[in-house]
Amino acid sequence: MPIPTLTYGISCPRDWIPLPGSAHTDVTEGWAEPAVKSIVERSGAAGYDIDPDAVRADLRARAEDSRSRDPFYAFAFYPDGFDAALGILEVDLIHPDDSVPSITLDWLTKTFSADDFGPPQVTRIDMPIGPSVRIRQNFAAQGAPPDGPGILLETLTHGIVPTGTESAVVFLMSWTMPGIAQAMEESADSIVKTLTVGP
């Protein structure tokens with residue numbers, strides 16, 4: 001049976017900067033310049049002087065990394081005064097196929113849970129678009145120097161099966177800076193409620 005064509009939307013605060021999708025063949029193209037200008041000007045208005053070259057380099061690196069996963073939507077979090085993103089938000093779609101003919105909350109929980117640092121915190125929540133499983137967990141981040149301390153990657157995932165659809169929406173927010181977990185969780189739990197699905 002063909003998968004019906006639906007429209008998916010999300011609304012993020014202005015300090016979450018959209019990253020280009022896989023259709024962009026070169027992340028060094030001019031797509032970054034308006035975002036860099038916005039980040040620098042917004043920080044300047046708040047009393048912070050940040051280096052646009054540092055912002056540009058970080059933004060391109062974040063885009064290149066995210067593009068390797070080819071998410072449906074991707075955003076990088078640049079609060080006032082920071083020239084490097086403090087978090088990444090990616091939204092992806094999972095459609096049923098021969099290997100997974102029916103996507104359920106149980107399947108999403110099993111697929112997106114790990115116990116690298118103990119069992120994940122799993123709760124079920126009713127979202128505006130449908131039932132959801134919320135998974136809070138931590139991982140060992142990739143790219144840490146072999147002779148240095150490890151880097152903790154903190155994540156919050158919402159796996160949602162929108163009412164009246166067979167596909168799932170997977171919302172993943174991640175960050176590595178210590179001490180911001182509560183703020184990031186609150187942000188994730190707020191943004192995920194803006195997800196929309198329609199014909």
# chains A, B, ... in the order shown; residues from 1 in each chain; ligands from 1
>>> select_by_dssp(residues="chain A", states="alpha helix (DSSP H)", output="PyMOL selection string")
chain A and resi 32-45+52-67+105-111+181-191
>>> write_last_selection(atoms="N, CA and C atoms", output="CSV table (one decimal), in the first residue's frame")
chain,number,residue,atom,x,y,z
A,32,ALA,N,24.9,30.1,4.5
A,32,ALA,CA,25.2,30.3,5.9
A,32,ALA,C,25.2,31.8,6.3
A,33,GLU,N,25.5,32.7,5.3
A,33,GLU,CA,25.7,34.1,5.6
A,33,GLU,C,24.5,34.8,6.3
A,34,PRO,N,23.3,34.6,5.8
A,34,PRO,CA,22.2,35.3,6.6
A,34,PRO,C,22.1,34.8,8.0
A,35,ALA,N,22.4,33.5,8.2
A,35,ALA,CA,22.3,33.0,9.6
A,35,ALA,C,23.4,33.5,10.4
A,36,VAL,N,24.6,33.6,9.9
A,36,VAL,CA,25.8,34.2,10.6
A,36,VAL,C,25.5,35.6,11.0
A,37,LYS,N,25.0,36.4,10.0
A,37,LYS,CA,24.6,37.8,10.3
A,37,LYS,C,23.6,37.9,11.4
A,38,SER,N,22.6,37.0,11.3
A,38,SER,CA,21.5,37.1,12.4
A,38,SER,C,22.1,36.7,13.7
A,39,ILE,N,22.9,35.7,13.8
A,39,ILE,CA,23.5,35.3,15.1
A,39,ILE,C,24.3,36.4,15.7
A,40,VAL,N,25.2,37.0,14.9
A,40,VAL,CA,26.1,38.0,15.4
A,40,VAL,C,25.3,39.3,15.8
A,41,GLU,N,24.4,39.7,15.0
A,41,GLU,CA,23.6,40.9,15.3
A,41,GLU,C,22.7,40.7,16.5
A,42,ARG,N,22.1,39.5,16.6
A,42,ARG,CA,21.3,39.2,17.8
A,42,ARG,C,22.2,39.3,19.1
A,43,SER,N,23.4,38.7,19.0
A,43,SER,CA,24.2,38.7,20.2
A,43,SER,C,24.7,40.1,20.5
A,44,GLY,N,25.0,40.9,19.4
A,44,GLY,CA,25.4,42.2,19.6
A,44,GLY,C,24.4,43.1,20.3
A,45,ALA,N,23.1,42.9,19.9
A,45,ALA,CA,22.0,43.6,20.6
A,45,ALA,C,21.9,43.2,22.0
A,52,PRO,N,32.3,36.6,13.8
A,52,PRO,CA,31.5,35.9,12.7
A,52,PRO,C,32.2,34.8,12.0
A,53,ASP,N,33.6,34.8,12.0
A,53,ASP,CA,34.3,33.7,11.3
A,53,ASP,C,34.2,32.5,12.1
A,54,ALA,N,34.2,32.6,13.5
A,54,ALA,CA,34.0,31.4,14.3
A,54,ALA,C,32.6,30.9,14.2
A,55,VAL,N,31.6,31.8,14.1
A,55,VAL,CA,30.2,31.3,13.9
A,55,VAL,C,30.1,30.6,12.6
A,56,ARG,N,30.6,31.2,11.6
A,56,ARG,CA,30.5,30.6,10.2
A,56,ARG,C,31.1,29.2,10.2
A,57,ALA,N,32.3,29.1,10.7
A,57,ALA,CA,33.0,27.8,10.7
A,57,ALA,C,32.2,26.7,11.5
A,58,ASP,N,31.7,27.1,12.7
A,58,ASP,CA,30.9,26.2,13.5
A,58,ASP,C,29.6,25.8,12.8
A,59,LEU,N,29.0,26.8,12.2
A,59,LEU,CA,27.7,26.5,11.5
A,59,LEU,C,27.9,25.6,10.3
A,60,ARG,N,28.9,25.7,9.6
A,60,ARG,CA,29.2,24.9,8.4
A,60,ARG,C,29.5,23.4,8.9
A,61,ALA,N,30.3,23.4,10.0
A,61,ALA,CA,30.6,22.0,10.5
A,61,ALA,C,29.4,21.3,11.0
A,62,ARG,N,28.5,22.0,11.7
A,62,ARG,CA,27.3,21.4,12.2
A,62,ARG,C,26.4,21.0,11.0
A,63,ALA,N,26.4,21.8,10.0
A,63,ALA,CA,25.6,21.4,8.8
A,63,ALA,C,26.1,20.2,8.1
A,64,GLU,N,27.4,20.1,8.0
A,64,GLU,CA,28.1,19.0,7.3
A,64,GLU,C,27.8,17.7,8.1
A,65,ASP,N,27.9,17.8,9.5
A,65,ASP,CA,27.7,16.6,10.3
A,65,ASP,C,26.2,16.2,10.2
A,66,SER,N,25.3,17.1,10.3
A,66,SER,CA,23.9,16.8,10.3
A,66,SER,C,23.5,16.2,8.9
A,67,ARG,N,24.0,16.8,7.9
A,67,ARG,CA,23.7,16.3,6.5
A,67,ARG,C,24.1,14.9,6.3
A,105,LEU,N,4.7,2.4,19.6
A,105,LEU,CA,5.5,3.0,20.6
A,105,LEU,C,6.5,2.0,21.2
A,106,ASP,N,6.1,0.8,21.3
A,106,ASP,CA,7.0,-0.3,21.9
A,106,ASP,C,8.2,-0.4,20.9
A,107,TRP,N,8.0,-0.4,19.6
A,107,TRP,CA,9.1,-0.6,18.7
A,107,TRP,C,10.0,0.6,18.7
A,108,LEU,N,9.4,1.8,18.8
A,108,LEU,CA,10.2,3.1,18.9
A,108,LEU,C,11.1,3.0,20.2
A,109,THR,N,10.5,2.6,21.3
A,109,THR,CA,11.2,2.5,22.5
A,109,THR,C,12.4,1.6,22.4
A,110,LYS,N,12.2,0.4,21.9
A,110,LYS,CA,13.2,-0.6,21.8
A,110,LYS,C,14.3,-0.1,20.8
A,111,THR,N,13.9,0.5,19.7
A,111,THR,CA,14.8,0.9,18.7
A,111,THR,C,15.7,2.1,19.1
A,181,ALA,N,21.2,20.6,31.1
A,181,ALA,CA,20.2,19.6,30.8
A,181,ALA,C,18.8,20.0,31.0
A,182,GLN,N,18.6,20.6,32.2
A,182,GLN,CA,17.2,21.0,32.5
A,182,GLN,C,16.6,22.0,31.5
A,183,ALA,N,17.4,23.0,31.1
A,183,ALA,CA,17.0,24.0,30.1
A,183,ALA,C,16.8,23.3,28.8
A,184,MET,N,17.6,22.4,28.4
A,184,MET,CA,17.5,21.7,27.1
A,184,MET,C,16.2,20.8,27.1
A,185,GLU,N,16.0,20.1,28.2
A,185,GLU,CA,14.8,19.3,28.2
A,185,GLU,C,13.5,20.1,28.1
A,186,GLU,N,13.5,21.3,28.9
A,186,GLU,CA,12.4,22.1,28.8
A,186,GLU,C,12.2,22.7,27.4
A,187,SER,N,13.3,23.0,26.7
A,187,SER,CA,13.2,23.5,25.3
A,187,SER,C,12.6,22.4,24.4
A,188,ALA,N,13.2,21.2,24.6
A,188,ALA,CA,12.7,20.1,23.7
A,188,ALA,C,11.2,19.8,23.9
A,189,ASP,N,10.8,19.8,25.2
A,189,ASP,CA,9.4,19.4,25.5
A,189,ASP,C,8.5,20.5,25.0
A,190,SER,N,9.0,21.7,24.9
A,190,SER,CA,8.1,22.8,24.3
A,190,SER,C,8.1,22.8,22.8
A,191,ILE,N,9.3,22.6,22.2
A,191,ILE,CA,9.3,22.7,20.7
A,191,ILE,C,8.5,21.5,20.1
>>> residues_around(residues="A:Leu93", least_positions_apart="2", cutoff="8 Å", atoms="only C-alpha atoms", output="list in words")
Phe72, Val91, His95, Ser167, Ala168, Val169 and Val170 of chain A
>>> closest_residue(among="A:Gln137, A:Thr165, A:Ser68, A:Thr5", to="A:Pro20", atoms="only C-alpha atoms")
A:Ser68
>>> select_by_dssp(residues="stretch 1-189 of chain A", states="strand (DSSP E or B)", output="count of residues only")
56
>>> atom_distance(atom1="atom CA of A:Thr194", atom2="atom CA of A:Ala84")
25.2 Å
>>> residues_around(residues="A:Ile135", least_positions_apart="2", cutoff="9 Å", atoms="only C-alpha atoms", output="list in words")
Thr109, Phe112, Ser113, Pro120, Gln121, Val122, Thr123, Arg124, Val133, Gln137, Thr155, Leu156, Thr157, His158 and Gly159 of chain A
>>> atom_distance(atom1="atom CA of A:Ile88", atom2="atom CA of A:Phe117")
20.5 Å
>>> residues_around(residues="A:Pro199", least_positions_apart="6", cutoff="9 Å", atoms="only C-alpha atoms", output="count of residues only")
5
>>> atom_distance(atom1="atom CA of A:Ile160", atom2="atom CA of A:Cys12")
17.8 Å
>>> decode(residues="stretch 115-147 of chain A", atoms="N, CA and C atoms", output="CSV table (one decimal), in the first residue's frame")
chain,number,residue,atom,x,y,z
A,115,ASP,N,21.6,1.6,26.8
A,115,ASP,CA,21.9,1.7,28.3
A,115,ASP,C,23.4,1.9,28.5
A,116,ASP,N,24.0,2.8,27.7
A,116,ASP,CA,25.4,3.1,27.8
A,116,ASP,C,25.7,3.6,29.2
A,117,PHE,N,24.9,4.4,29.8
A,117,PHE,CA,25.1,4.9,31.1
A,117,PHE,C,23.9,4.6,32.0
A,118,GLY,N,23.5,3.4,32.0
A,118,GLY,CA,22.3,3.0,32.8
A,118,GLY,C,21.1,3.0,31.9
A,119,PRO,N,20.0,2.5,32.5
A,119,PRO,CA,18.7,2.5,31.7
A,119,PRO,C,18.2,3.9,31.4
A,120,PRO,N,17.6,4.1,30.2
A,120,PRO,CA,17.1,5.4,29.9
A,120,PRO,C,15.8,5.6,30.7
A,121,GLN,N,15.4,6.9,30.8
A,121,GLN,CA,14.2,7.3,31.4
A,121,GLN,C,13.1,7.4,30.3
A,122,VAL,N,12.2,6.5,30.4
A,122,VAL,CA,11.1,6.3,29.3
A,122,VAL,C,9.8,6.6,29.9
A,123,THR,N,9.1,7.6,29.3
A,123,THR,CA,7.7,7.9,29.7
A,123,THR,C,6.8,8.0,28.4
A,124,ARG,N,5.6,7.8,28.6
A,124,ARG,CA,4.6,7.9,27.4
A,124,ARG,C,3.8,9.2,27.7
A,125,ILE,N,3.6,9.9,26.6
A,125,ILE,CA,3.0,11.2,26.7
A,125,ILE,C,2.0,11.4,25.5
A,126,ASP,N,0.9,12.0,25.7
A,126,ASP,CA,0.0,12.3,24.5
A,126,ASP,C,0.4,13.7,24.0
A,127,MET,N,0.8,13.7,22.8
A,127,MET,CA,1.2,15.0,22.1
A,127,MET,C,0.0,15.5,21.3
A,128,PRO,N,0.0,16.8,20.9
A,128,PRO,CA,-1.1,17.3,20.1
A,128,PRO,C,-1.4,16.5,18.9
A,129,ILE,N,-0.3,15.9,18.3
A,129,ILE,CA,-0.5,15.2,17.0
A,129,ILE,C,-0.7,13.7,17.2
A,130,GLY,N,-0.5,13.2,18.4
A,130,GLY,CA,-0.7,11.8,18.7
A,130,GLY,C,0.2,11.2,19.8
A,131,PRO,N,0.1,9.9,20.1
A,131,PRO,CA,0.8,9.3,21.2
A,131,PRO,C,2.3,9.4,21.0
A,132,SER,N,3.1,9.5,22.1
A,132,SER,CA,4.5,9.7,22.0
A,132,SER,C,5.2,8.9,23.1
A,133,VAL,N,6.4,8.5,22.8
A,133,VAL,CA,7.3,7.9,23.9
A,133,VAL,C,8.4,8.9,24.0
A,134,ARG,N,8.7,9.3,25.3
A,134,ARG,CA,9.8,10.2,25.6
A,134,ARG,C,11.0,9.5,26.2
A,135,ILE,N,12.1,9.6,25.6
A,135,ILE,CA,13.3,8.8,26.0
A,135,ILE,C,14.4,9.8,26.3
A,136,ARG,N,14.8,9.8,27.6
A,136,ARG,CA,16.0,10.7,28.0
A,136,ARG,C,17.1,9.7,28.4
A,137,GLN,N,18.3,9.9,27.7
A,137,GLN,CA,19.4,9.1,27.9
A,137,GLN,C,20.7,9.8,27.5
A,138,ASN,N,21.8,9.2,27.9
A,138,ASN,CA,23.1,9.7,27.6
A,138,ASN,C,24.0,8.6,26.9
A,139,PHE,N,24.9,9.2,26.1
A,139,PHE,CA,25.8,8.3,25.4
A,139,PHE,C,27.3,8.8,25.5
A,140,ALA,N,28.2,8.0,25.2
A,140,ALA,CA,29.6,8.5,25.0
A,140,ALA,C,29.7,9.1,23.6
A,141,ALA,N,30.0,10.4,23.6
A,141,ALA,CA,30.1,11.1,22.3
A,141,ALA,C,31.2,10.6,21.4
A,142,GLN,N,31.0,10.6,20.1
A,142,GLN,CA,32.1,10.2,19.2
A,142,GLN,C,33.0,11.4,19.1
A,143,GLY,N,34.3,11.1,18.7
A,143,GLY,CA,35.2,12.2,18.4
A,143,GLY,C,36.1,12.7,19.6
A,144,ALA,N,35.9,12.1,20.8
A,144,ALA,CA,36.7,12.5,21.9
A,144,ALA,C,38.1,12.0,21.7
A,145,PRO,N,39.1,12.8,22.2
A,145,PRO,CA,40.5,12.3,22.0
A,145,PRO,C,40.8,11.1,22.8
A,146,PRO,N,41.5,10.1,22.2
A,146,PRO,CA,41.7,8.8,22.8
A,146,PRO,C,42.5,8.9,24.1
A,147,ASP,N,43.3,9.9,24.3
A,147,ASP,CA,44.1,10.0,25.5
A,147,ASP,C,43.5,11.1,26.5
